[in-house]
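Student: Take a look at work.cif, mmCIF, C-alpha atoms and all ligand atoms:
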```cif
data_work
#
loop_
_atom_site.group_PDB
_atom_site.id
_atom_site.type_symbol
_atom_site.label_atom_id
_atom_site.label_comp_id
_atom_site.auth_asym_id
_atom_site.auth_seq_id
_atom_site.Cartn_x
_atom_site.Cartn_y
_atom_site.Cartn_z
ATOM 1 C CA MET A 188 -5.658 -139.344 -85.220
ATOM 2 C CA SER A 189 -8.882 -141.310 -85.529
ATOM 3 C CA GLU A 190 -12.136 -139.551 -84.754
ATOM 4 C CA SER A 191 -13.772 -140.246 -81.375
ATOM 5 C CA PRO A 192 -16.696 -142.678 -81.649
ATOM 6 C CA PHE A 193 -18.621 -140.176 -79.535
ATOM 7 C CA ALA A 194 -17.943 -137.228 -81.850
ATOM 8 C CA ASP A 195 -21.525 -137.233 -83.124
ATOM 9 C CA VAL A 196 -22.854 -137.049 -79.542
ATOM 10 C CA ALA A 197 -20.689 -134.005 -78.811
ATOM 11 C CA GLU A 198 -21.713 -132.460 -82.132
ATOM 12 C CA GLN A 199 -25.411 -132.938 -81.319
ATOM 13 C CA ALA A 200 -24.866 -131.365 -77.908
ATOM 14 C CA ARG A 201 -23.286 -128.298 -79.494
ATOM 15 C CA ALA A 202 -25.999 -127.979 -82.124
ATOM 16 C CA ALA A 203 -29.148 -128.816 -80.155
ATOM 17 C CA PRO A 204 -30.378 -125.990 -77.913
ATOM 18 C CA LYS A 205 -31.750 -123.255 -80.140
ATOM 19 C CA ALA A 206 -35.118 -122.284 -78.715
ATOM 20 C CA PRO A 207 -35.333 -118.845 -77.085
ATOM 21 C CA VAL A 208 -35.805 -118.904 -73.300
ATOM 22 C CA PRO A 209 -39.524 -118.280 -72.614
ATOM 23 C CA GLN A 210 -40.530 -115.273 -70.528
ATOM 24 C CA ALA A 211 -41.783 -117.533 -67.707
ATOM 25 C CA ALA A 212 -38.243 -118.877 -67.254
ATOM 26 C CA ARG A 213 -36.670 -115.465 -66.739
ATOM 27 C CA GLY A 214 -35.759 -114.213 -63.283
ATOM 28 C CA PRO A 215 -34.570 -110.931 -61.816
ATOM 29 C CA GLU A 216 -31.451 -109.247 -63.174
ATOM 30 C CA ILE A 217 -28.344 -110.170 -61.196
ATOM 31 C CA PRO A 218 -26.739 -106.978 -59.831
ATOM 32 C CA GLU A 219 -23.039 -106.224 -60.304
ATOM 33 C CA ALA A 220 -22.329 -107.678 -56.830
ATOM 34 C CA GLY A 221 -22.980 -111.121 -58.373
ATOM 35 C CA TYR A 222 -26.077 -112.105 -56.401
ATOM 36 C CA VAL A 223 -29.643 -111.003 -55.810
ATOM 37 C CA VAL A 224 -31.555 -110.953 -52.482
ATOM 38 C CA GLU A 225 -35.356 -110.795 -52.401
ATOM 39 C CA GLU A 226 -37.665 -110.798 -49.378
ATOM 40 C CA ILE A 227 -40.249 -113.258 -50.743
ATOM 41 C CA ALA A 228 -42.343 -113.275 -47.528
ATOM 42 C CA ASP A 229 -42.165 -111.590 -44.125
ATOM 43 C CA GLY A 230 -38.589 -112.214 -42.943
ATOM 44 C CA VAL A 231 -37.922 -114.895 -45.586
ATOM 45 C CA PHE A 232 -35.154 -114.059 -48.038
ATOM 46 C CA TRP A 233 -34.278 -115.759 -51.347
ATOM 47 C CA VAL A 234 -30.684 -115.475 -52.596
ATOM 48 C CA SER A 235 -29.457 -116.403 -56.092
ATOM 49 C CA GLU A 236 -26.631 -115.789 -58.561
ATOM 50 C CA GLY A 237 -28.902 -116.793 -61.446
ATOM 51 C CA MET A 238 -28.413 -120.580 -61.379
ATOM 52 C CA TYR A 239 -28.552 -121.694 -57.737
ATOM 53 C CA GLN A 240 -30.675 -120.571 -54.784
ATOM 54 C CA MET A 241 -30.583 -120.608 -50.994
ATOM 55 C CA MET A 242 -32.968 -119.177 -48.408
ATOM 56 C CA PHE A 243 -32.676 -117.600 -44.983
ATOM 57 C CA VAL A 244 -35.252 -116.648 -42.371
ATOM 58 C CA VAL A 245 -34.759 -113.695 -40.021
ATOM 59 C CA THR A 246 -36.449 -114.215 -36.643
ATOM 60 C CA ASP A 247 -36.389 -112.018 -33.550
ATOM 61 C CA GLU A 248 -33.738 -114.394 -32.158
ATOM 62 C CA GLY A 249 -31.430 -114.585 -35.177
ATOM 63 C CA VAL A 250 -31.086 -116.134 -38.633
ATOM 64 C CA ILE A 251 -31.953 -119.627 -39.888
ATOM 65 C CA ALA A 252 -29.871 -120.340 -43.024
ATOM 66 C CA ILE A 253 -30.836 -123.155 -45.393
ATOM 67 C CA ASP A 254 -28.168 -124.592 -47.728
ATOM 68 C CA ALA A 255 -25.017 -122.951 -49.051
ATOM 69 C CA PRO A 256 -24.343 -123.555 -52.754
ATOM 70 C CA PRO A 257 -20.625 -123.047 -53.541
ATOM 71 C CA THR A 258 -21.597 -120.745 -56.439
ATOM 72 C CA LEU A 259 -22.995 -118.367 -53.791
ATOM 73 C CA GLY A 260 -20.306 -119.079 -51.175
ATOM 74 C CA HIS A 261 -19.403 -115.977 -49.177
ATOM 75 C CA HIS A 262 -22.091 -113.932 -50.966
ATOM 76 C CA ILE A 263 -24.504 -115.651 -48.548
ATOM 77 C CA LEU A 264 -22.931 -113.936 -45.523
ATOM 78 C CA ARG A 265 -22.952 -110.595 -47.391
ATOM 79 C CA ALA A 266 -26.631 -111.137 -48.247
ATOM 80 C CA ILE A 267 -27.491 -111.840 -44.601
ATOM 81 C CA ARG A 268 -25.424 -108.876 -43.347
ATOM 82 C CA GLY A 269 -27.245 -106.704 -45.882
ATOM 83 C CA VAL A 270 -30.564 -107.195 -44.105
ATOM 84 C CA THR A 271 -29.782 -107.925 -40.440
ATOM 85 C CA SER A 272 -27.037 -107.716 -37.823
ATOM 86 C CA ARG A 273 -28.490 -110.681 -35.897
ATOM 87 C CA SER A 274 -26.323 -113.769 -35.692
ATOM 88 C CA ILE A 275 -26.929 -117.074 -37.443
ATOM 89 C CA THR A 276 -28.644 -119.404 -34.958
ATOM 90 C CA HIS A 277 -29.518 -122.445 -37.098
ATOM 91 C CA VAL A 278 -28.230 -124.046 -40.309
ATOM 92 C CA VAL A 279 -30.334 -126.529 -42.337
ATOM 93 C CA TYR A 280 -29.161 -128.945 -45.075
ATOM 94 C CA SER A 281 -31.809 -129.755 -47.732
ATOM 95 C CA HIS A 282 -29.804 -132.859 -48.760
ATOM 96 C CA GLN A 283 -26.177 -133.922 -48.981
ATOM 97 C CA HIS A 284 -25.258 -132.872 -52.538
ATOM 98 C CA SER A 285 -22.207 -130.677 -52.787
ATOM 99 C CA ASP A 286 -23.728 -128.239 -55.268
ATOM 100 C CA HIS A 287 -26.253 -127.181 -52.572
ATOM 101 C CA VAL A 288 -24.321 -127.553 -49.305
ATOM 102 C CA GLY A 289 -20.690 -127.526 -50.470
ATOM 103 C CA ALA A 290 -20.141 -124.078 -48.912
ATOM 104 C CA ILE A 291 -21.952 -124.893 -45.652
ATOM 105 C CA SER A 292 -18.639 -124.310 -43.813
ATOM 106 C CA VAL A 293 -19.021 -120.538 -44.413
ATOM 107 C CA TYR A 294 -21.385 -120.555 -41.416
ATOM 108 C CA PRO A 295 -19.881 -120.307 -37.907
ATOM 109 C CA ALA A 296 -18.747 -123.748 -36.715
ATOM 110 C CA GLU A 297 -20.572 -123.515 -33.371
ATOM 111 C CA VAL A 298 -24.034 -123.026 -34.905
ATOM 112 C CA PRO A 299 -26.355 -126.094 -34.687
ATOM 113 C CA ARG A 300 -26.771 -127.825 -38.058
ATOM 114 C CA TYR A 301 -29.952 -129.769 -38.951
ATOM 115 C CA ALA A 302 -30.391 -132.521 -41.551
ATOM 116 C CA HIS A 303 -32.178 -135.772 -42.179
ATOM 117 C CA ARG A 304 -30.445 -138.814 -40.680
ATOM 118 C CA ILE A 305 -29.645 -140.247 -44.145
ATOM 119 C CA THR A 306 -27.988 -136.974 -45.166
ATOM 120 C CA ALA A 307 -25.788 -137.179 -42.077
ATOM 121 C CA GLU A 308 -24.928 -140.818 -42.828
ATOM 122 C CA ARG A 309 -23.958 -140.033 -46.435
ATOM 123 C CA LEU A 310 -21.822 -137.089 -45.344
ATOM 124 C CA ALA A 311 -20.099 -139.255 -42.729
ATOM 125 C CA LEU A 312 -19.040 -141.636 -45.513
ATOM 126 C CA LEU A 313 -17.888 -138.828 -47.819
ATOM 127 C CA ARG A 314 -15.678 -137.030 -45.230
ATOM 128 C CA ASP A 315 -15.677 -133.755 -47.187
ATOM 129 C CA PRO A 316 -14.093 -130.990 -45.074
ATOM 130 C CA ASN A 317 -16.337 -128.486 -46.880
ATOM 131 C CA ARG A 318 -19.443 -130.336 -45.672
ATOM 132 C CA PRO A 319 -19.154 -130.650 -41.872
ATOM 133 C CA LEU A 320 -21.525 -133.173 -40.306
ATOM 134 C CA PRO A 321 -24.955 -132.085 -39.056
ATOM 135 C CA THR A 322 -25.229 -131.827 -35.272
ATOM 136 C CA HIS A 323 -29.004 -132.503 -35.114
ATOM 137 C CA VAL A 324 -30.668 -135.258 -37.167
ATOM 138 C CA PHE A 325 -34.278 -136.436 -37.455
ATOM 139 C CA ASP A 326 -36.203 -139.263 -39.123
ATOM 140 C CA ASP A 327 -39.735 -138.054 -39.935
ATOM 141 C CA THR A 328 -40.268 -134.474 -38.857
ATOM 142 C CA LEU A 329 -38.601 -131.769 -36.800
ATOM 143 C CA THR A 330 -39.710 -128.217 -36.006
ATOM 144 C CA ILE A 331 -37.181 -125.478 -35.404
ATOM 145 C CA ASP A 332 -38.740 -122.909 -33.063
ATOM 146 C CA ALA A 333 -36.849 -119.653 -33.235
ATOM 147 C CA GLY A 334 -38.556 -116.734 -31.539
ATOM 148 C CA ASP A 335 -41.449 -115.418 -33.597
ATOM 149 C CA HIS A 336 -40.954 -117.902 -36.443
ATOM 150 C CA SER A 337 -40.751 -121.648 -36.894
ATOM 151 C CA LEU A 338 -39.496 -123.899 -39.647
ATOM 152 C CA GLN A 339 -40.915 -127.373 -40.211
ATOM 153 C CA LEU A 340 -38.590 -130.049 -41.659
ATOM 154 C CA ASP A 341 -40.325 -133.141 -43.103
ATOM 155 C CA TYR A 342 -39.010 -136.311 -44.715
ATOM 156 C CA LYS A 343 -41.338 -138.270 -47.004
ATOM 157 C CA GLY A 344 -38.896 -140.838 -48.403
ATOM 158 C CA PRO A 345 -36.340 -140.710 -51.206
ATOM 159 C CA ASN A 346 -37.052 -138.501 -54.218
ATOM 160 C CA HIS A 347 -34.276 -136.621 -56.070
ATOM 161 C CA ALA A 348 -31.930 -137.874 -53.333
ATOM 162 C CA GLU A 349 -32.292 -140.042 -50.276
ATOM 163 C CA GLY A 350 -32.627 -137.717 -47.296
ATOM 164 C CA ASN A 351 -33.975 -134.775 -49.363
ATOM 165 C CA ILE A 352 -36.442 -132.888 -47.135
ATOM 166 C CA PHE A 353 -39.409 -130.515 -47.376
ATOM 167 C CA ILE A 354 -38.677 -127.244 -45.516
ATOM 168 C CA PHE A 355 -41.783 -125.232 -44.662
ATOM 169 C CA ALA A 356 -42.229 -121.836 -43.016
ATOM 170 C CA PRO A 357 -45.906 -122.032 -41.942
ATOM 171 C CA THR A 358 -46.415 -118.400 -40.900
ATOM 172 C CA GLN A 359 -44.925 -117.043 -44.129
ATOM 173 C CA ARG A 360 -46.278 -119.885 -46.307
ATOM 174 C CA VAL A 361 -42.941 -120.560 -47.992
ATOM 175 C CA LEU A 362 -41.897 -124.075 -49.058
ATOM 176 C CA MET A 363 -38.322 -124.996 -49.938
ATOM 177 C CA LEU A 364 -37.952 -128.233 -51.906
ATOM 178 C CA VAL A 365 -34.616 -128.562 -53.657
ATOM 179 C CA ASP A 366 -33.907 -130.355 -56.956
ATOM 180 C CA VAL A 367 -37.539 -131.383 -57.512
ATOM 181 C CA ILE A 368 -39.456 -128.321 -58.758
ATOM 182 C CA PHE A 369 -37.720 -126.039 -61.290
ATOM 183 C CA PRO A 370 -39.948 -122.940 -61.633
ATOM 184 C CA GLY A 371 -40.225 -121.900 -65.272
ATOM 185 C CA TRP A 372 -37.970 -124.733 -66.484
ATOM 186 C CA VAL A 373 -38.221 -128.448 -67.253
ATOM 187 C CA PRO A 374 -36.497 -130.686 -64.665
ATOM 188 C CA PHE A 375 -32.725 -130.995 -64.927
ATOM 189 C CA SER A 376 -31.328 -133.866 -67.050
ATOM 190 C CA ASN A 377 -32.467 -137.453 -66.387
ATOM 191 C CA LEU A 378 -35.362 -136.263 -64.182
ATOM 192 C CA ALA A 379 -32.983 -134.340 -61.928
ATOM 193 C CA VAL A 380 -30.702 -137.401 -61.723
ATOM 194 C CA SER A 381 -33.201 -138.759 -59.236
ATOM 195 C CA ALA A 382 -32.249 -141.512 -56.807
ATOM 196 C CA ASN A 383 -35.881 -142.644 -56.902
ATOM 197 C CA VAL A 384 -38.082 -141.619 -59.859
ATOM 198 C CA PRO A 385 -41.444 -142.664 -58.314
ATOM 199 C CA GLY A 386 -40.452 -140.688 -55.200
ATOM 200 C CA PHE A 387 -39.519 -137.722 -57.402
ATOM 201 C CA VAL A 388 -42.916 -137.978 -59.167
ATOM 202 C CA ASN A 389 -44.811 -138.272 -55.854
ATOM 203 C CA ALA A 390 -42.942 -135.279 -54.385
ATOM 204 C CA HIS A 391 -44.872 -132.994 -56.776
ATOM 205 C CA ASP A 392 -48.208 -133.883 -55.144
ATOM 206 C CA GLN A 393 -46.615 -133.899 -51.682
ATOM 207 C CA ALA A 394 -45.483 -130.303 -52.288
ATOM 208 C CA LEU A 395 -49.037 -129.241 -53.112
ATOM 209 C CA GLU A 396 -50.236 -130.626 -49.761
ATOM 210 C CA TYR A 397 -48.498 -127.660 -48.077
ATOM 211 C CA PRO A 398 -50.455 -124.362 -47.969
ATOM 212 C CA PHE A 399 -47.562 -122.426 -49.513
ATOM 213 C CA GLU A 400 -47.571 -119.320 -51.688
ATOM 214 C CA LYS A 401 -43.861 -119.116 -52.562
ATOM 215 C CA LEU A 402 -41.480 -121.945 -53.376
ATOM 216 C CA VAL A 403 -37.689 -122.079 -53.320
ATOM 217 C CA GLY A 404 -36.469 -124.826 -55.657
ATOM 218 C CA GLY A 405 -32.717 -124.448 -55.215
ATOM 219 C CA HIS A 406 -32.092 -124.030 -58.951
ATOM 220 C CA VAL A 407 -32.573 -121.749 -61.918
ATOM 221 C CA THR A 408 -33.746 -118.195 -62.212
ATOM 222 C CA ARG A 409 -36.587 -117.281 -59.855
ATOM 223 C CA PRO A 410 -38.727 -118.350 -56.887
ATOM 224 C CA GLY A 411 -41.840 -120.373 -57.707
ATOM 225 C CA THR A 412 -45.542 -120.669 -56.903
ATOM 226 C CA PRO A 413 -48.070 -123.521 -56.653
ATOM 227 C CA GLY A 414 -48.824 -122.760 -60.335
ATOM 228 C CA ASP A 415 -45.235 -123.718 -61.214
ATOM 229 C CA VAL A 416 -45.677 -127.059 -59.416
ATOM 230 C CA ARG A 417 -48.913 -127.705 -61.302
ATOM 231 C CA MET A 418 -47.249 -126.870 -64.617
ATOM 232 C CA GLN A 419 -44.371 -129.258 -63.899
ATOM 233 C CA ILE A 420 -46.940 -131.965 -63.022
ATOM 234 C CA GLU A 421 -48.526 -131.345 -66.431
ATOM 235 C CA TYR A 422 -45.108 -131.710 -68.125
ATOM 236 C CA MET A 423 -44.356 -134.890 -66.155
ATOM 237 C CA ASN A 424 -47.743 -136.415 -67.040
ATOM 238 C CA ASP A 425 -47.198 -135.606 -70.720
ATOM 239 C CA LEU A 426 -43.670 -137.042 -70.610
ATOM 240 C CA ARG A 427 -44.889 -140.182 -68.878
ATOM 241 C CA SER A 428 -47.846 -140.964 -71.157
ATOM 242 C CA THR A 429 -45.904 -140.150 -74.334
ATOM 243 C CA THR A 430 -42.894 -142.237 -73.259
ATOM 244 C CA GLU A 431 -45.140 -145.118 -72.209
ATOM 245 C CA ALA A 432 -46.758 -145.127 -75.652
ATOM 246 C CA ALA A 433 -43.312 -145.065 -77.296
ATOM 247 C CA LEU A 434 -42.135 -148.106 -75.283
ATOM 248 C CA SER A 435 -44.342 -150.365 -77.362
ATOM 249 C CA SER A 436 -44.870 -148.340 -80.551
ATOM 250 C CA VAL A 437 -41.245 -147.862 -81.732
ATOM 251 C CA ASP A 438 -40.366 -149.965 -84.763
ATOM 252 C CA LEU A 439 -38.108 -152.544 -83.082
ATOM 253 C CA LYS A 440 -37.178 -154.367 -86.321
ATOM 254 C CA LYS A 441 -36.057 -151.168 -88.001
ATOM 255 C CA ILE A 442 -34.174 -149.936 -84.914
ATOM 256 C CA LEU A 443 -32.299 -153.204 -84.404
ATOM 257 C CA ALA A 444 -31.535 -153.932 -88.065
ATOM 258 C CA PRO A 445 -28.109 -152.220 -88.014
ATOM 259 C CA VAL A 446 -27.215 -153.437 -84.489
ATOM 260 C CA ASP A 447 -24.945 -156.406 -83.736
ATOM 261 C CA ALA A 448 -27.446 -158.770 -82.047
ATOM 262 C CA ALA A 449 -24.624 -160.335 -79.992
ATOM 263 C CA ASN A 450 -23.910 -156.957 -78.346
ATOM 264 C CA VAL A 451 -26.669 -157.001 -75.748
ATOM 265 C CA TRP A 452 -25.884 -153.520 -74.466
ATOM 266 C CA ALA A 453 -26.011 -152.128 -78.007
ATOM 267 C CA VAL A 454 -29.462 -153.700 -78.435
ATOM 268 C CA PHE A 455 -30.739 -152.097 -75.218
ATOM 269 C CA LYS A 456 -29.192 -148.735 -76.051
ATOM 270 C CA ALA A 457 -30.692 -148.700 -79.541
ATOM 271 C CA TYR A 458 -34.123 -149.510 -78.127
ATOM 272 C CA LEU A 459 -34.044 -146.982 -75.244
ATOM 273 C CA ASP A 460 -32.529 -144.235 -77.406
ATOM 274 C CA ALA A 461 -35.283 -144.757 -79.986
ATOM 275 C CA VAL A 462 -38.019 -144.662 -77.321
ATOM 276 C CA ALA A 463 -36.588 -141.462 -75.811
ATOM 277 C CA ALA A 464 -36.160 -139.829 -79.229
ATOM 278 C CA GLN A 465 -39.731 -140.652 -80.311
ATOM 279 C CA ALA A 466 -41.140 -139.322 -77.010
ATOM 280 C CA ALA A 467 -38.995 -136.163 -77.115
ATOM 281 C CA ASP A 468 -40.011 -135.485 -80.730
ATOM 282 C CA GLU A 469 -43.626 -135.342 -79.557
ATOM 283 C CA VAL A 470 -43.165 -133.630 -76.176
ATOM 284 C CA VAL A 471 -40.686 -130.849 -77.030
ATOM 285 C CA PRO A 472 -42.951 -128.879 -79.433
ATOM 286 C CA ARG A 473 -45.710 -128.857 -76.794
ATOM 287 C CA TRP A 474 -43.387 -127.374 -74.136
ATOM 288 C CA VAL A 475 -40.633 -125.377 -75.783
ATOM 289 C CA GLU A 476 -42.544 -122.085 -75.485
ATOM 290 C CA ARG A 477 -43.874 -122.841 -71.990
ATOM 291 C CA LEU A 478 -40.831 -124.056 -70.022
ATOM 292 C CA GLY A 479 -37.153 -123.181 -70.359
ATOM 293 C CA GLY A 480 -34.795 -125.907 -71.573
ATOM 294 C CA ALA A 481 -37.523 -128.210 -72.951
ATOM 295 C CA ASP A 482 -35.333 -128.629 -76.046
ATOM 296 C CA VAL A 483 -32.260 -129.325 -73.878
ATOM 297 C CA PHE A 484 -33.352 -131.879 -71.287
ATOM 298 C CA THR A 485 -36.570 -133.516 -72.556
ATOM 299 C CA LEU A 486 -34.565 -136.206 -74.407
ATOM 300 C CA PRO A 487 -32.598 -137.377 -71.320
ATOM 301 C CA ASN A 488 -35.754 -136.907 -69.210
ATOM 302 C CA ALA A 489 -37.636 -139.241 -71.582
ATOM 303 C CA TRP A 490 -34.753 -141.737 -71.335
ATOM 304 C CA ALA A 491 -34.964 -141.701 -67.518
ATOM 305 C CA MET A 492 -38.771 -141.953 -67.686
ATOM 306 C CA ALA A 493 -38.509 -144.961 -70.041
ATOM 307 C CA GLU A 494 -36.283 -146.757 -67.527
ATOM 308 C CA ALA A 495 -38.565 -145.825 -64.614
ATOM 309 C CA LEU A 496 -41.584 -147.097 -66.573
ATOM 310 C CA ARG A 497 -39.822 -150.386 -67.272
ATOM 311 C CA LEU A 498 -38.103 -150.971 -63.942
ATOM 312 C CA ASP A 499 -40.251 -149.193 -61.346
ATOM 313 C CA TYR A 500 -43.708 -149.113 -62.909
ATOM 314 C CA GLY A 501 -43.424 -152.534 -64.622
ATOM 315 C CA ARG A 502 -44.202 -151.415 -68.205
ATOM 316 C CA MET A 503 -41.856 -153.855 -69.932
ATOM 317 C CA GLY A 504 -42.701 -153.117 -73.597
ATOM 318 C CA PRO A 505 -41.144 -155.692 -75.971
ATOM 319 C CA PHE A 506 -39.059 -157.135 -73.097
ATOM 320 C CA GLY A 507 -42.106 -158.387 -71.199
ATOM 321 C CA ILE A 508 -42.873 -161.902 -69.934
ATOM 322 C CA ALA A 509 -41.854 -164.507 -72.521
ATOM 323 C CA PRO A 510 -44.790 -166.418 -74.010
HETATM 324 ZN ZN ZN A 601 -29.104 -132.650 -55.436
#
```
Transcribe the structure of this file into structure tokens.
Tutor:
Amino acid sequence: MSESPFADVAEQARAAPKAPVPQAARGPEIPEAGYVVEEIADGVFWVSEGMYQMMFVVTDEGVIAIDAPPTLGHHILRAIRGVTSRSITHVVYSHQHSDHVGAISVYPAEVPRYAHRITAERLALLRDPNRPLPTHVFDDTLTIDAGDHSLQLDYKGPNHAEGNIFIFAPTQRVLMLVDVIFPGWVPFSNLAVSANVPGFVNAHDQALEYPFEKLVGGHVTRPGTPGDVRMQIEYMNDLRSTTEAALSSVDLKKILAPVDAANVWAVFKAYLDAVAAQAADEVVPRWVERLGGADVFTLPNAWAMAEALRLDYGRMGPFGIAP
């Protein structure tokens, strides 16, 4: 049997992540039950199994539940029952992705479900029985008033996904923004597989416009703070400036020497891989002791940043306007 042409890629993936996880990336121990529940503000509860997160708010009228990652599934109902006997009165979808709302059908079918209009449109196309359609949609902003508490839902344009919203509890100063801020960790691969990288970048500053004290990011090990947002902005700025410099400073002749010039995709791949590798070589040592997974996802994050710089921000490097 001949060896796979991608064997070296798989080998690199097995060999790469070696750095110890920094203290700032560690979260609470997960109890034997398989999930942890923390009251992060008055009546606002954070639930996690160590990789994914959801949030619920207990009001004097009932419970507002936001998202339902399948990895938490029925643990969510146990978590709610562990702190209140009130019924679930509202369900909110952060965005349409299955890893965050794929267990949304664990909530009672008759409860009103809120999402951005685009989220509802995407779900209508997907017809996933595990992701029933929202019953209430909005375009710009919607406030859920539930007894003594309210929840503000805002849409500021596409970021990680189209339809991904900011969810803010003003009294308790808690912001939920899923798949954008990863407290204690670098963003997930390829800048969180963002539908719109400039929107993803802008969402960092948009988050800081809210007067929040605690943040629920939907992923990884712990809740966050405004300090976590500022640290991720610092990482993103470093990634951007270092990748931008690499776009024009990589040695194109040397990179392309072994490449078949007739294979246009091979030429592009060699160039972008070299840009990402040069940027990651510089960025990783600056971050590996500050944020978890810097050694794992900085390379694909630099690759995504290189493409965003070229295509969105117009930094064309050696493929600029022909003389
Ligand atoms: Zn997502």
Student: To verify the selection step, state as a PyMOL selection string which residues the PyMOL selection byres (((chain A and resi 368) around 10) and not hetatm) yields on this input.
Tutor: chain A and resi 363-367+369-375+379+387+390-391+394+402-406+411-412+415-420
Student: Carefully work through the PyMOL selection byres (((chain A and resi 442) around 12) and not hetatm) for this structure and note down the residues it includes, as a CSV table (one decimal) with C-alpha atoms, keeping the file's coordinate frame.
Tutor:
```csv
chain,number,residue,atom,x,y,z
A,436,SER,CA,-44.9,-148.3,-80.6
A,437,VAL,CA,-41.2,-147.9,-81.7
A,438,ASP,CA,-40.4,-150.0,-84.8
A,439,LEU,CA,-38.1,-152.5,-83.1
A,440,LYS,CA,-37.2,-154.4,-86.3
A,441,LYS,CA,-36.1,-151.2,-88.0
A,443,LEU,CA,-32.3,-153.2,-84.4
A,444,ALA,CA,-31.5,-153.9,-88.1
A,445,PRO,CA,-28.1,-152.2,-88.0
A,446,VAL,CA,-27.2,-153.4,-84.5
A,447,ASP,CA,-24.9,-156.4,-83.7
A,448,ALA,CA,-27.4,-158.8,-82.0
A,453,ALA,CA,-26.0,-152.1,-78.0
A,454,VAL,CA,-29.5,-153.7,-78.4
A,455,PHE,CA,-30.7,-152.1,-75.2
A,456,LYS,CA,-29.2,-148.7,-76.1
A,457,ALA,CA,-30.7,-148.7,-79.5
A,458,TYR,CA,-34.1,-149.5,-78.1
A,459,LEU,CA,-34.0,-147.0,-75.2
A,460,ASP,CA,-32.5,-144.2,-77.4
A,461,ALA,CA,-35.3,-144.8,-80.0
A,462,VAL,CA,-38.0,-144.7,-77.3
A,464,ALA,CA,-36.2,-139.8,-79.2
A,465,GLN,CA,-39.7,-140.7,-80.3
```
Student: For ligand ZN 601 (chain A), which residue out of A:Ala495, A:Leu478, A:Val380, A:Val483 is the nearest one, using only C-alpha atoms and all ligand atoms?
Tutor: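 The answer is A:Val380, which sits nearest to ligand ZN 601 (chain A).
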Student: List as a PyMOL selection string the protein and nucleic acid residues near Asn424 in chain A, meaning an atom at most 12 Å away when all atoms listed in the file are counted, but skip any in the same chain fewer than 6 places from it.
Tutor: chain A and resi 388-389+391+417-418+430-431+470+489+492
Student: Generate a file of the selected residues that holds C-alpha atoms, formatted as a PDB file, in the coordinates of the input.
Tutor:
```pdb
ATOM      1  CA  VAL A 388     -42.916-137.978 -59.167  1.00  0.00           C
ATOM      2  CA  ASN A 389     -44.811-138.272 -55.854  1.00  0.00           C
ATOM      3  CA  HIS A 391     -44.872-132.994 -56.776  1.00  0.00           C
ATOM      4  CA  ARG A 417     -48.913-127.705 -61.302  1.00  0.00           C
ATOM      5  CA  MET A 418     -47.249-126.870 -64.617  1.00  0.00           C
ATOM      6  CA  THR A 430     -42.894-142.237 -73.259  1.00  0.00           C
ATOM      7  CA  GLU A 431     -45.140-145.118 -72.209  1.00  0.00           C
ATOM      8  CA  VAL A 470     -43.165-133.630 -76.176  1.00  0.00           C
ATOM      9  CA  ALA A 489     -37.636-139.241 -71.582  1.00  0.00           C
ATOM     10  CA  MET A 492     -38.771-141.953 -67.686  1.00  0.00           C
TER      11      MET A 492
END
```
Student: Residues of chain A that have any atom at most 8 Å from an atom of ligand ZN 601 (chain A): could you tabulate them with the shortest-distance atom pair and the distance in Å to one decimal, using all atoms listed in the file, ordered by chain and increasing number, as a Markdown table?
Tutor:
```
| residue | atom | partner | partner_atom | distance |
| --- | --- | --- | --- | --- |
| A:His282 | CA | A:ZN601 | ZN | 6.7 |
| A:Gln283 | CA | A:ZN601 | ZN | 7.2 |
| A:His284 | CA | A:ZN601 | ZN | 4.8 |
| A:Ser285 | CA | A:ZN601 | ZN | 7.6 |
| A:Asp286 | CA | A:ZN601 | ZN | 7.0 |
| A:His287 | CA | A:ZN601 | ZN | 6.8 |
| A:His347 | CA | A:ZN601 | ZN | 6.6 |
| A:Ala348 | CA | A:ZN601 | ZN | 6.3 |
| A:Val365 | CA | A:ZN601 | ZN | 7.1 |
| A:Asp366 | CA | A:ZN601 | ZN | 5.5 |
| A:Ala379 | CA | A:ZN601 | ZN | 7.7 |
```
Student: Of the candidates A:Arg427, A:Arg473, A:Arg309, A:Arg409, which one gets nearest to Arg502 in chain A if we count all atoms listed in the file?
Tutor: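 Distance minimum relative to Arg502 in chain A lands on A:Arg427.
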